[in-house]
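Printed here is protein_13.cif (mmCIF, C-alpha atoms):
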data_start
loop_
_atom_site.label_atom_id
_atom_site.label_comp_id
_atom_site.auth_asym_id
_atom_site.auth_seq_id
_atom_site.Cartn_x
_atom_site.Cartn_y
_atom_site.Cartn_z
CA MET A 25 47.24 -6.56 -12.48
CA GLY A 26 43.89 -4.81 -12.88
CA GLY A 27 42.51 -6.77 -9.94
CA GLU A 28 45.32 -5.61 -7.70
CA ARG A 29 44.88 -2.00 -8.68
CA SER A 30 41.15 -2.15 -7.98
CA GLU A 31 41.89 -3.74 -4.63
CA ALA A 32 44.31 -0.90 -3.82
CA SER A 33 41.63 1.63 -4.61
CA ARG A 34 39.02 -0.27 -2.63
CA ASN A 35 41.34 -0.21 0.39
CA LEU A 36 41.58 3.53 -0.07
CA TRP A 37 37.83 4.09 -0.41
CA SER A 38 36.97 1.84 2.49
CA GLY A 39 39.35 3.94 4.61
CA VAL A 40 37.95 7.24 3.34
CA LEU A 41 34.36 6.21 4.09
CA PHE A 42 35.19 4.90 7.53
CA GLY A 43 37.30 7.98 8.37
CA LEU A 44 34.50 10.30 7.35
CA GLY A 45 32.00 8.34 9.39
CA LEU A 46 34.32 8.12 12.38
CA VAL A 47 34.99 11.84 12.59
CA ALA A 48 31.28 12.61 12.19
CA PHE A 49 30.55 10.13 14.96
CA ILE A 50 33.16 11.73 17.27
CA ASP A 51 31.72 15.14 16.44
CA GLU A 52 28.24 13.96 17.44
CA ALA A 53 29.25 11.94 20.51
CA VAL A 54 31.88 14.24 22.00
CA PHE A 55 31.00 17.79 20.92
CA HIS A 56 27.20 17.49 20.83
CA GLN A 57 26.39 14.94 23.51
CA LEU A 58 29.24 14.90 26.06
CA LEU A 59 30.61 18.44 26.05
CA HIS A 60 27.42 20.18 24.83
CA TRP A 61 29.62 22.66 22.94
CA HIS A 62 27.82 22.22 19.62
CA HIS A 63 24.14 23.10 19.45
CA PHE A 64 21.46 20.98 17.76
CA TYR A 65 20.22 24.04 15.92
CA ASP A 66 21.45 27.60 15.69
CA LYS A 67 19.18 30.51 14.73
CA SER A 68 21.80 31.78 12.29
CA THR A 69 21.75 28.52 10.28
CA THR A 70 21.21 29.18 6.59
CA ASP A 71 18.79 27.01 4.60
CA VAL A 72 21.59 25.58 2.49
CA GLY A 73 23.44 24.86 5.75
CA LEU A 74 20.50 22.84 7.01
CA VAL A 75 20.48 20.81 3.78
CA SER A 76 24.25 20.28 3.73
CA ASP A 77 24.24 19.24 7.38
CA GLY A 78 21.40 16.78 6.75
CA LEU A 79 23.14 15.26 3.73
CA PHE A 80 26.48 14.91 5.49
CA HIS A 81 24.89 13.51 8.62
CA ALA A 82 23.00 10.84 6.68
CA PHE A 83 25.98 10.05 4.49
CA SER A 84 28.38 9.75 7.44
CA TRP A 85 26.06 7.25 9.12
CA PHE A 86 25.99 5.22 5.92
CA ALA A 87 29.75 5.62 5.34
CA THR A 88 30.70 4.21 8.75
CA VAL A 89 28.77 0.99 8.17
CA ALA A 90 29.59 0.66 4.46
CA GLY A 91 33.31 1.35 5.06
CA LEU A 92 33.48 -1.44 7.62
CA PHE A 93 31.65 -3.91 5.37
CA MET A 94 34.10 -3.07 2.56
CA LEU A 95 36.92 -3.78 5.03
CA ALA A 96 35.38 -7.16 5.88
CA ASP A 97 35.08 -7.88 2.15
CA LEU A 98 38.77 -7.05 1.58
CA ARG A 99 39.79 -9.25 4.48
CA ARG A 100 37.92 -12.31 3.24
CA ARG A 101 39.65 -11.83 -0.13
CA ASN A 102 43.03 -11.52 1.64
CA ALA A 103 43.39 -8.10 0.03
CA PHE A 104 43.38 -5.86 3.10
CA TRP A 105 46.27 -3.39 3.06
CA LEU A 106 46.46 -1.58 6.37
CA THR A 107 48.81 1.28 5.41
CA ARG A 108 46.78 2.25 2.36
CA TRP A 109 43.53 1.88 4.30
CA MET A 110 44.92 4.16 7.06
CA GLY A 111 45.89 6.69 4.39
CA GLY A 112 42.31 6.76 3.18
CA MET A 113 41.01 6.99 6.72
CA TYR A 114 43.16 10.02 7.57
CA VAL A 115 42.16 11.81 4.37
CA GLY A 116 38.49 11.00 4.99
CA SER A 117 38.53 12.26 8.58
CA GLY A 118 40.62 15.33 7.83
CA GLY A 119 38.59 16.17 4.75
CA PHE A 120 35.29 16.03 6.58
CA GLN A 121 36.64 17.94 9.57
CA LEU A 122 37.95 20.69 7.30
CA TYR A 123 34.60 20.90 5.46
CA ASP A 124 32.79 20.98 8.80
CA GLY A 125 35.16 23.60 10.20
CA ILE A 126 35.17 25.97 7.20
CA VAL A 127 31.91 25.45 5.31
CA HIS A 128 29.51 24.29 8.04
CA HIS A 129 30.71 26.37 10.97
CA LYS A 130 31.82 29.52 9.18
CA LEU A 131 30.13 29.87 5.79
CA MET A 132 26.78 28.22 6.50
CA ARG A 133 26.79 29.04 10.23
CA ILE A 134 25.13 25.78 11.28
CA HIS A 135 26.54 26.15 14.76
CA GLN A 136 29.81 27.29 16.31
CA ILE A 137 32.39 24.97 17.87
CA ARG A 138 31.71 26.52 21.25
CA TYR A 139 29.62 29.48 22.34
CA VAL A 140 32.41 31.60 23.86
CA ASP A 141 34.03 34.96 23.06
CA ASN A 142 37.23 33.80 21.42
CA VAL A 143 35.72 31.15 19.17
CA VAL A 144 38.40 31.97 16.57
CA VAL A 145 40.97 30.09 18.70
CA TYR A 146 38.77 26.99 18.54
CA ASP A 147 38.32 27.45 14.79
CA VAL A 148 42.08 27.67 14.19
CA VAL A 149 42.86 24.56 16.28
CA TRP A 150 39.99 22.67 14.64
CA ASN A 151 41.06 23.41 11.07
CA ILE A 152 44.80 22.95 11.65
CA ALA A 153 44.07 19.55 13.20
CA ALA A 154 42.07 18.75 10.05
CA LEU A 155 44.97 19.79 7.82
CA ILE A 156 47.41 17.65 9.82
CA LEU A 157 45.12 14.63 9.35
CA ILE A 158 44.96 15.28 5.60
CA VAL A 159 48.76 15.63 5.32
CA ILE A 160 49.34 12.36 7.20
CA GLY A 161 46.79 10.64 4.96
CA LEU A 162 48.24 11.96 1.70
CA THR A 163 51.75 10.95 2.81
CA LEU A 164 50.61 7.40 3.52
CA ILE A 165 48.75 7.22 0.21
CA SER A 166 51.69 8.41 -1.89
CA TRP A 167 53.99 6.09 0.04
CA THR A 168 51.79 3.09 -0.71
CA ARG A 169 51.49 4.17 -4.35
CA ASN A 170 55.31 4.11 -4.74
CA LYS A 171 55.38 0.80 -3.00
CA SER A 172 52.81 -0.76 -5.34
CA LYS A 173 54.72 0.62 -8.37
CA LYS A 174 57.93 -0.94 -7.09
CA ARG A 175 56.04 -4.17 -6.52
CA ASP A 176 54.81 -4.06 -10.14
CA GLU A 177 58.35 -3.52 -11.46
CA HIS A 178 59.69 -6.23 -9.26
CA MET A 179 57.15 -8.70 -10.62
CA ARG A 180 58.16 -7.89 -14.18
CA MET B 16 1.42 32.92 27.39
CA ASN B 17 -2.06 33.66 26.16
CA ASP B 18 -1.17 32.06 22.90
CA HIS B 19 0.05 28.97 24.64
CA ARG B 20 -3.18 28.45 26.55
CA HIS B 21 -5.23 28.91 23.40
CA ILE B 22 -3.12 26.31 21.64
CA HIS B 23 -3.61 23.92 24.50
CA GLN B 24 -7.37 24.27 24.23
CA ILE B 25 -7.31 23.39 20.56
CA GLY B 26 -5.35 20.29 21.43
CA GLN B 27 -7.85 19.32 24.13
CA SER B 28 -10.95 19.79 22.03
CA GLY B 29 -9.26 18.02 19.12
CA MET B 30 -8.74 15.07 21.37
CA GLU B 31 -12.47 14.68 22.00
CA HIS B 32 -13.16 14.90 18.28
CA ALA B 33 -10.69 12.38 16.97
CA MET B 34 -9.74 10.02 19.72
CA GLY B 35 -12.95 8.18 20.43
CA ILE B 36 -12.79 4.43 20.71
CA LEU B 37 -13.95 3.95 17.10
CA PRO B 38 -10.91 5.37 15.23
CA GLN B 39 -8.65 3.41 17.55
CA LEU B 40 -10.54 0.22 16.75
CA ILE B 41 -10.56 0.89 13.01
CA LEU B 42 -6.79 1.44 13.01
CA ALA B 43 -6.08 -1.52 15.30
CA MET B 44 -8.28 -4.06 13.48
CA PRO B 45 -6.09 -4.65 10.38
CA PHE B 46 -3.04 -5.21 12.59
CA LEU B 47 -4.92 -7.75 14.73
CA LEU B 48 -6.12 -9.55 11.59
CA VAL B 49 -2.67 -9.82 10.02
CA LEU B 50 -1.23 -11.00 13.33
CA ILE B 51 -3.69 -13.87 13.49
CA GLY B 52 -3.34 -14.58 9.76
CA TYR B 53 0.44 -14.76 9.98
CA LEU B 54 0.36 -17.16 12.93
CA PHE B 55 -2.12 -19.43 11.12
CA ALA B 56 0.05 -19.40 8.01
CA VAL B 57 3.13 -20.31 10.06
CA ILE B 58 1.39 -23.31 11.61
CA TYR B 59 -0.31 -24.45 8.39
CA SER B 60 2.69 -24.13 6.06
CA SER B 61 5.17 -25.61 8.53
CA ARG B 62 3.28 -28.91 8.25
CA ARG B 63 4.16 -29.18 4.58
CA TYR B 64 7.53 -27.44 4.40
CA LYS B 65 10.43 -27.02 6.80
CA PRO B 66 9.52 -25.10 9.96
CA TRP B 67 9.23 -21.33 9.52
CA PRO B 68 12.11 -19.54 11.32
CA ILE B 69 11.16 -18.53 14.86
CA TYR B 70 12.93 -15.17 14.66
CA ARG B 71 10.72 -14.18 11.72
CA THR B 72 7.59 -14.96 13.71
CA ALA B 73 9.03 -13.03 16.66
CA CYS B 74 9.72 -10.02 14.38
CA TRP B 75 6.11 -10.13 13.15
CA ILE B 76 4.60 -10.30 16.63
CA LEU B 77 6.80 -7.50 17.96
CA GLY B 78 6.22 -5.35 14.88
CA VAL B 79 2.44 -5.73 15.10
CA LEU B 80 2.49 -4.95 18.84
CA LEU B 81 4.50 -1.76 18.29
CA ALA B 82 2.11 -0.67 15.54
CA LEU B 83 -0.86 -1.46 17.81
CA ILE B 84 0.35 0.60 20.76
CA SER B 85 0.97 3.56 18.48
CA VAL B 86 -2.58 3.60 17.06
CA ALA B 87 -4.63 2.53 20.07
CA GLY B 88 -4.39 2.77 23.84
CA PRO B 89 -2.67 5.18 26.22
CA LEU B 90 0.29 6.12 24.00
CA ALA B 91 -1.99 6.91 21.06
CA GLU B 92 -4.24 9.05 23.26
CA ARG B 93 -1.29 10.89 24.78
CA ALA B 94 0.15 11.42 21.31
CA HIS B 95 -2.93 13.38 20.44
CA SER B 96 -2.26 16.14 22.95
CA ASP B 97 1.54 16.01 23.36
CA PHE B 98 3.80 16.35 20.32
CA THR B 99 6.68 14.49 22.00
CA PHE B 100 4.48 11.41 22.35
CA HIS B 101 3.15 11.95 18.85
CA MET B 102 6.75 11.64 17.66
CA ILE B 103 7.33 8.42 19.63
CA GLY B 104 4.22 7.06 17.94
CA HIS B 105 5.51 8.19 14.55
CA LEU B 106 8.86 6.45 15.06
CA LEU B 107 7.12 3.22 16.07
CA LEU B 108 4.36 3.22 13.45
CA GLY B 109 6.33 4.64 10.52
CA MET B 110 9.79 3.20 11.07
CA LEU B 111 10.39 0.47 13.65
CA ALA B 112 7.18 -1.55 13.15
CA PRO B 113 7.53 -1.58 9.33
CA LEU B 114 11.17 -2.68 9.62
CA LEU B 115 10.25 -5.58 11.90
CA LEU B 116 7.37 -6.60 9.66
CA VAL B 117 9.61 -6.57 6.58
CA LEU B 118 12.14 -8.75 8.41
CA ALA B 119 9.32 -11.22 9.04
CA ALA B 120 9.11 -11.86 5.25
CA PRO B 121 5.28 -12.05 5.08
CA ILE B 122 5.12 -12.39 1.28
CA THR B 123 7.42 -15.41 1.31
CA LEU B 124 5.25 -16.96 4.00
CA LEU B 125 2.08 -16.19 2.05
CA LEU B 126 3.52 -17.69 -1.15
CA ARG B 127 4.31 -20.96 0.54
CA THR B 128 0.98 -21.09 2.34
CA LEU B 129 -1.29 -20.49 -0.68
CA SER B 130 -2.21 -23.21 -3.12
CA ILE B 131 0.01 -23.21 -6.20
CA PRO B 132 -2.47 -21.52 -8.59
CA LYS B 133 -3.18 -18.81 -6.05
CA ALA B 134 0.50 -18.34 -5.30
CA ARG B 135 1.10 -17.98 -9.03
CA ARG B 136 -1.55 -15.32 -9.29
CA LEU B 137 0.03 -13.46 -6.37
CA ALA B 138 3.48 -13.74 -7.93
CA HIS B 139 2.02 -12.40 -11.16
CA PHE B 140 0.57 -9.42 -9.30
CA LEU B 141 3.89 -8.80 -7.53
CA ARG B 142 5.62 -8.66 -10.90
CA GLY B 143 3.00 -6.26 -12.21
CA ARG B 144 3.40 -2.60 -13.02
CA LEU B 145 1.55 -1.40 -9.92
CA SER B 146 3.71 -3.20 -7.39
CA ARG B 147 6.82 -2.26 -9.35
CA LEU B 148 5.88 1.37 -8.97
CA TYR B 149 5.02 1.20 -5.29
CA THR B 150 8.19 -0.65 -4.31
CA HIS B 151 10.51 1.56 -6.36
CA PRO B 152 12.95 3.26 -3.94
CA VAL B 153 12.39 6.74 -5.35
CA PHE B 154 8.59 6.46 -5.39
CA ALA B 155 8.49 4.92 -1.91
CA SER B 156 10.85 7.58 -0.54
CA VAL B 157 8.75 10.41 -1.93
CA LEU B 158 5.61 8.76 -0.56
CA ASN B 159 7.23 8.34 2.84
CA ILE B 160 9.36 11.44 3.45
CA GLY B 161 7.35 13.68 1.12
CA GLY B 162 4.22 12.74 3.04
CA LEU B 163 5.89 13.74 6.30
CA TRP B 164 6.97 17.11 4.91
CA LEU B 165 3.39 17.71 3.81
CA LEU B 166 2.05 16.68 7.22
CA TYR B 167 4.36 18.79 9.38
CA THR B 168 4.79 21.91 7.26
CA THR B 169 1.17 22.54 6.21
CA GLU B 170 -2.26 22.84 7.81
CA LEU B 171 -2.64 19.10 7.49
CA PHE B 172 -1.26 18.46 10.96
CA SER B 173 -3.86 20.59 12.77
CA MET B 174 -6.62 19.35 10.44
CA MET B 175 -5.71 15.80 11.41
CA HIS B 176 -6.71 16.58 14.99
CA GLU B 177 -10.12 17.88 13.90
CA HIS B 178 -11.27 15.21 11.48
CA THR B 179 -11.48 11.56 12.43
CA LEU B 180 -11.33 10.29 8.87
CA LEU B 181 -8.20 12.29 8.16
CA HIS B 182 -6.66 10.97 11.37
CA ILE B 183 -7.26 7.39 10.23
CA LEU B 184 -6.03 7.99 6.67
CA ILE B 185 -2.83 9.74 7.78
CA HIS B 186 -1.94 7.06 10.29
CA PHE B 187 -2.56 4.37 7.72
CA HIS B 188 -0.44 6.28 5.21
CA VAL B 189 2.44 6.71 7.66
CA PHE B 190 2.53 2.97 8.28
CA ALA B 191 2.05 1.89 4.65
CA ALA B 192 4.62 4.37 3.32
CA GLY B 193 7.11 3.27 5.98
CA TYR B 194 6.56 -0.36 5.00
CA LEU B 195 6.95 0.27 1.25
CA PHE B 196 10.06 2.35 1.92
CA THR B 197 11.68 -0.46 3.91
CA VAL B 198 10.65 -3.07 1.33
CA SER B 199 12.17 -0.98 -1.45
CA MET B 200 15.53 -0.79 0.35
CA ILE B 201 16.14 -4.24 1.84
CA TYR B 202 15.15 -7.38 -0.01
CA THR B 203 13.93 -10.05 2.39
CA ASP B 204 10.82 -10.86 0.32
CA PRO B 205 10.78 -11.47 -3.44
CA VAL B 206 10.82 -8.17 -5.33
CA ALA B 207 9.75 -7.44 -8.88
CA HIS B 208 12.79 -5.46 -9.96
CA ARG B 209 16.09 -5.82 -8.22
CA LEU B 210 17.94 -2.54 -8.23
CA SER B 211 21.67 -2.35 -7.57
CA PHE B 212 23.03 -1.80 -4.08
CA LEU B 213 24.62 1.49 -5.16
CA TYR B 214 21.31 2.80 -6.52
CA ARG B 215 19.44 1.87 -3.35
CA SER B 216 22.23 3.26 -1.15
CA ILE B 217 22.11 6.65 -2.87
CA VAL B 218 18.32 6.91 -2.58
CA LEU B 219 18.48 5.73 1.03
CA VAL B 220 21.05 8.38 2.01
CA LEU B 221 19.00 11.11 0.30
CA ALA B 222 15.81 9.96 2.04
CA LEU B 223 17.52 9.82 5.42
CA ALA B 224 18.92 13.30 4.83
CA ALA B 225 15.43 14.62 4.03
CA HIS B 226 14.17 13.02 7.25
CA GLY B 227 16.96 14.63 9.30
CA ILE B 228 16.44 18.03 7.67
CA LEU B 229 12.70 17.85 8.43
CA SER B 230 13.48 17.04 12.10
CA LYS B 231 15.60 20.17 12.44
CA PHE B 232 13.00 22.17 10.51
CA ILE B 233 10.34 21.08 13.02
CA TYR B 234 12.70 22.01 15.87
CA ALA B 235 13.05 25.52 14.45
CA ASN B 236 9.50 25.96 13.08
CA PRO B 237 6.91 24.28 15.32
CA PRO B 238 3.87 22.97 13.39
CA ALA B 239 0.71 25.05 13.91
CA GLY B 240 -0.59 24.71 17.46
CA ILE B 241 2.50 23.04 18.94
CA PRO B 242 4.29 24.73 21.88
CA VAL B 243 7.96 25.50 21.23
CA GLU B 244 9.44 23.15 23.82
CA GLN B 245 7.35 20.20 22.56
CA ALA B 246 8.44 20.90 18.98
CA GLU B 247 12.09 21.01 20.10
CA ARG B 248 11.84 17.76 22.01
CA GLY B 249 9.85 16.13 19.21
CA GLY B 250 12.30 17.34 16.55
CA MET B 251 15.31 15.96 18.41
CA LEU B 252 13.50 12.70 19.07
CA MET B 253 12.69 12.38 15.38
CA TYR B 254 16.33 13.13 14.47
CA TYR B 255 18.05 10.70 16.85
CA GLY B 256 15.30 8.09 16.90
CA GLY B 257 15.36 8.15 13.11
CA ASP B 258 19.13 7.59 13.18
CA ALA B 259 18.70 4.58 15.45
CA VAL B 260 16.27 2.84 13.08
CA ASP B 261 18.12 3.99 9.95
CA VAL B 262 21.37 2.43 11.05
CA ILE B 263 19.62 -0.95 11.22
CA ILE B 264 18.36 -0.53 7.64
CA ILE B 265 21.85 0.56 6.53
CA PHE B 266 23.40 -2.41 8.30
CA ILE B 267 21.04 -4.92 6.67
CA LEU B 268 21.52 -3.37 3.23
CA CYS B 269 25.32 -3.60 3.61
CA LEU B 270 25.06 -7.13 4.98
CA GLN B 271 23.05 -8.17 1.91
CA TRP B 272 25.73 -6.55 -0.28
CA TYR B 273 28.43 -8.44 1.62
CA ARG B 274 26.64 -11.77 1.21
CA ALA B 275 25.85 -11.21 -2.46
CA GLY B 276 29.49 -10.44 -3.22
CA ARG B 277 30.89 -13.63 -1.72
CA PRO B 278 34.11 -14.54 -3.59
CA ARG B 279 33.68 -17.48 -5.98
CA VAL B 280 36.48 -19.50 -4.39
CA SER B 281 34.84 -19.68 -1.01
CA SER B 282 31.42 -20.50 -2.51
CA ARG B 283 33.00 -23.40 -4.36
CA ASN B 284 34.44 -24.51 -1.05
CA SER B 285 31.08 -24.32 0.63
CA VAL B 286 29.49 -26.30 -2.20
CA ALA B 287 32.23 -28.87 -1.78
CA ALA B 288 31.66 -28.88 1.95
CA GLN B 289 27.94 -29.48 1.43
CA THR B 290 28.44 -32.38 -0.96
CA GLU B 291 31.02 -34.08 1.22
#
What does this structure look like when you write it as structure tokens?
Amino acid sequence: MGGERSEASRNLWSGVLFGLGLVAFIDEAVFHQLLHWHHFYDKSTTDVGLVSDGLFHAFSWFATVAGLFMLADLRRRNAFWLTRWMGGMYVGSGGFQLYDGIVHHKLMRIHQIRYVDNVVVYDVVWNIAALILIVIGLTLISWTRNKSKKRDEHMR
Amino acid sequence: MNDHRHIHQIGQSGMEHAMGILPQLILAMPFLLVLIGYLFAVIYSSRRYKPWPIYRTACWILGVLLALISVAGPLAERAHSDFTFHMIGHLLLGMLAPLLLVLAAPITLLLRTLSIPKARRLAHFLRGRLSRLYTHPVFASVLNIGGLWLLYTTELFSMMHEHTLLHILIHFHVFAAGYLFTVSMIYTDPVAHRLSFLYRSIVLVLALAAHGILSKFIYANPPAGIPVEQAERGGMLMYYGGDAVDVIIIFILCLQWYRAGRPRVSSRNSVAAQTE
């Protein structure tokens, strides 16, 4: 029983790590490199913003790779559970996007989403999208939790 | 404008001071020696044991070549007057070359080349307190990233261009610290104390973060005597170039975790497969 529960939580964490890494990667590839909306550095960046950005950037790089290796580990143990993993992934991506949108962009002023007049529109879309991702993720997670409970009862 | 020209002059005169042929030779010599030594050891030890893997030899040759071009020759000379090229040199000497050299497993090669008593003495030294300290992830990270913070945020950077000895010491430090850092994170050679993957991962992420933060700090606050646009280009190069090398280190660390955690069932199968 304990083994199964730890496998369920490892599916979740693998998803969270990969989701966080994925959204950070999209942020870098699409908004920094392709669209050039985000700036590498903004004069209004606070010191704590610089530190937080550095930590999250390094961690997201690590999380992408580590999340995928955890997935490979689950697969070779025949313990991969797609729905639960997706739940973790949505929460990870939404969580990071929300942190990026509220704390990085607004509180620490690392850089804005785009350097235009009505940036507030971008902010609203950005953060609502993040919330939607989190809601989808939480729904999947609670759904899989019920399912694993039922499975436990069934086995008894 | 005036300021800019003045800065340029400092760079030019610094170049005459530090970049004679002698410092280039002094920095290049150790790399040439270890290149030859490694190749001899490969040939000698492969007579007695199974052949040394070709990809390890290739890693060593490539790593030494990258280190060589960053301390001597046209790139090294250009690096002295242009910060962008300085940063290319830093990425090669402090990150990519050390990674390749670590992947070449020189200590393993040395241990199988030496006579048994000598190999024992080396193993004893590697287990000793000194090598434990220098290959500890936290110590190596502070040596590596802390050294860079010191170099780029103090007078040290402009002093390096004035004094030949300082130039040699700093370049040697950048390489050695990069090597120890890589050794402390990924275990291809025998290590004195094996620290858990989680522990190494946490230190690695913190060190990478400090490297990224320093890159953006350089972008925003050019080191003394560096024109703004060179600092911006150099900072971005350090940030993204660092990411490119870091992801290889992360990948290898995770791969070693994946291999170490092989489920028992499949290992039994592989043992069975071997005995069949």
10 Å contacts from chain B to chain A using all atoms listed in the file, as a ChimeraX atom specification: /B:216-217,219-232,234-235,247,250-251,254,258,261-270,272-274,276-278,280-281
Return as a VMD selection string the set of residues that the PyMOL selection byres ((chain A and resi 115) around 12) yields on the displayed structure. chain A and resid 36 to 47 108 to 114 116 to 123 153 to 166
Give me, as a ChimeraX atom specification, all polymer residues having an atom no more than 12 Å from region 155-163 of chain B, counting all atoms listed in the file and skipping those fewer than 6 positions away in the same chain. /B:102,105-106,109-110,113,146-149,169,171-172,184-200,215,217-230,232-233,238,253,257
One-decimal distance in Å that lies between CA of Ala207 (chain B) and CA of Leu145 (chain B):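 That distance, rounded to one decimal, is 10.2 Å.
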What's the separation between CA of Tyr214 (chain B) and CA of His139 (chain B), in Å to one decimal place?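 Spanning CA of Tyr214 (chain B) to CA of His139 (chain B) is a straight-line distance of 25.0 Å.
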Provide the CA of Leu114 (chain B) to CA of Ile76 (chain B) distance in Å, to one decimal place.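 If I compute the distance from CA of Leu114 (chain B) to CA of Ile76 (chain B), I get 12.3 Å.
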What would the selection look like, as number ranges by chain, if the PyMOL selection byres ((chain B and resi 175) around 10) were run on the coordinates I just shared? B: 29, 33, 95, 166, 170-174, 176-186
When you look at Leu77 (chain B) with a cut-off of 8 Å (counting only C-alpha atoms), what residues show up, excluding the ones that are within fewer than 3 positions of it in the same chain? I need them as a PyMOL selection string. chain B and resi 73-74+80-81+112+115
